Amino acid sequence: MPTPEPAGPPERHESPQERADRNLVELLQELRVVQTGVQILFAFLLGLAFTDRFTRLDLAQKTIYVTSFLLTVVAAALLATPVALHRGLFHRGAKRRIVDLSTRLTELGLAVLALALNTAVLLLMDVVLGPAAAVGITAASTLMFAGLWFALPRALRPR
């Protein structure tokens with residue numbers, strides 16, 4: 001018979017300062033992984049504007065491109081801000097505040113990153129398959145991100 005999971009989070013024997021330290025280390029590690037994806041998307045979009053094919057995009061496609069590019073810049077800024085906060089407030093007794101604000105910035109950054117990725121999907125699918133297919137595929141992709149990145153974690157939170 002499987003062992004039932006505990007009702008709440010596992011009991012840790014750590015001070016509030018130790019908890020804040022651990023939470024910040026975990027958050028910064030998560031951000032390292034996400035930042036790599038943002039950097040790859042940024043590099044792809046940056047390079048795209050300098051290809052011969054780019055000049056053949058119509059106005060709607062260029063608008064989608066600019067939107068995706070700017071959303072990627074905003075996501076990069078939001079997801080790098082926790083590092084800047086940590087550096088700027090290091091040794092000032094603000095670790096808990098850094099963790100709280102960084103968590104909110106990371107959640108917002110993930111939402112903006114999902115939008116950036118989905119606008120990139122929209123652009124690519126529009127160029128490759130046309131606008132009707134692009135809208136359908138992008139809608140499915142958007143639902144996937146919403147479900148996996150936002151709905152699933154909320155659903156799994158202890159009550």
# chains A, B, ... in the order shown; residues from 1 in each chain; ligands from 1
>>> residues_around(residues="Glu26 in chain A", least_positions_apart="5", cutoff="12 Å", atoms="only C-alpha atoms", output="list in words")
Arg19, Ala20, Asp21, Leu31, Arg32, Val33, Pro82, Val99, Ser102 and Thr103 of chain A
>>> residues_around(residues="Asn23 in chain A", least_positions_apart="5", cutoff="12 Å", atoms="only C-alpha atoms", output="PyMOL selection string")
chain A and resi 14+16-18+28-30+95-100+102-103
>>> write_last_selection(atoms="C-alpha atoms", output="tab-separated table (two decimals), in the first residue's frame")
chain	number	residue	atom	x	y	z
A	14	GLU	CA	15.51	26.47	10.40
A	16	PRO	CA	13.55	32.67	9.51
A	17	GLN	CA	16.95	33.92	8.26
A	18	GLU	CA	18.01	30.39	7.22
A	28	LEU	CA	18.21	32.25	-8.06
A	29	GLN	CA	18.92	28.70	-9.25
A	30	GLU	CA	15.52	28.55	-10.94
A	95	LYS	CA	16.72	39.05	2.65
A	96	ARG	CA	13.04	38.33	3.38
A	97	ARG	CA	11.96	41.41	1.40
A	98	ILE	CA	14.29	40.39	-1.45
A	99	VAL	CA	12.75	36.91	-1.53
A	100	ASP	CA	9.15	38.20	-1.42
A	102	SER	CA	11.78	38.46	-6.26
A	103	THR	CA	9.08	35.81	-6.13
>>> residues_around(residues="range 135-138 of chain A", least_positions_apart="5", cutoff="10 Å", atoms="only C-alpha atoms", output="list in words")
Leu117, Asn118, Thr119, Ala120, Val121, Leu122, Leu123, Leu124, Met125, Asp126, Leu129, Gly130, Leu143 and Met144 of chain A
>>> residues_around(residues="range 64-71 of chain A", least_positions_apart="4", cutoff="7 Å", atoms="only C-alpha atoms", output="PyMOL selection string")
chain A and resi 42+45+60+75+112-113+116+119-120+123
>>> residues_around(residues="Phe145 in chain A", least_positions_apart="4", cutoff="9 Å", atoms="only C-alpha atoms", output="PyMOL selection string")
chain A and resi 111+114+118+140-141+149-151
>>> select_by_dssp(residues="chain A", states="helix (DSSP H, G or I)", output="MDAnalysis selection string")
chainID A and resid 16:48 52:56 59:89 95:129 131:156
>>> closest_residue(among="A:Ala139, A:Phe44, A:Phe50, A:Gln35", to="Thr81 in chain A", atoms="only C-alpha atoms")
A:Gln35
>>> atom_distance(atom1="CA of Leu89 in chain A", atom2="CA of Val74 in chain A")
22.2 Å
>>> closest_residue(among="A:Arg56, A:Leu152, A:Val38, A:Arg12", to="Leu115 in chain A", atoms="only C-alpha atoms")
A:Val38
>>> atom_distance(atom1="CA of Arg53 in chain A", atom2="CA of Pro131 in chain A")
17.5 Å
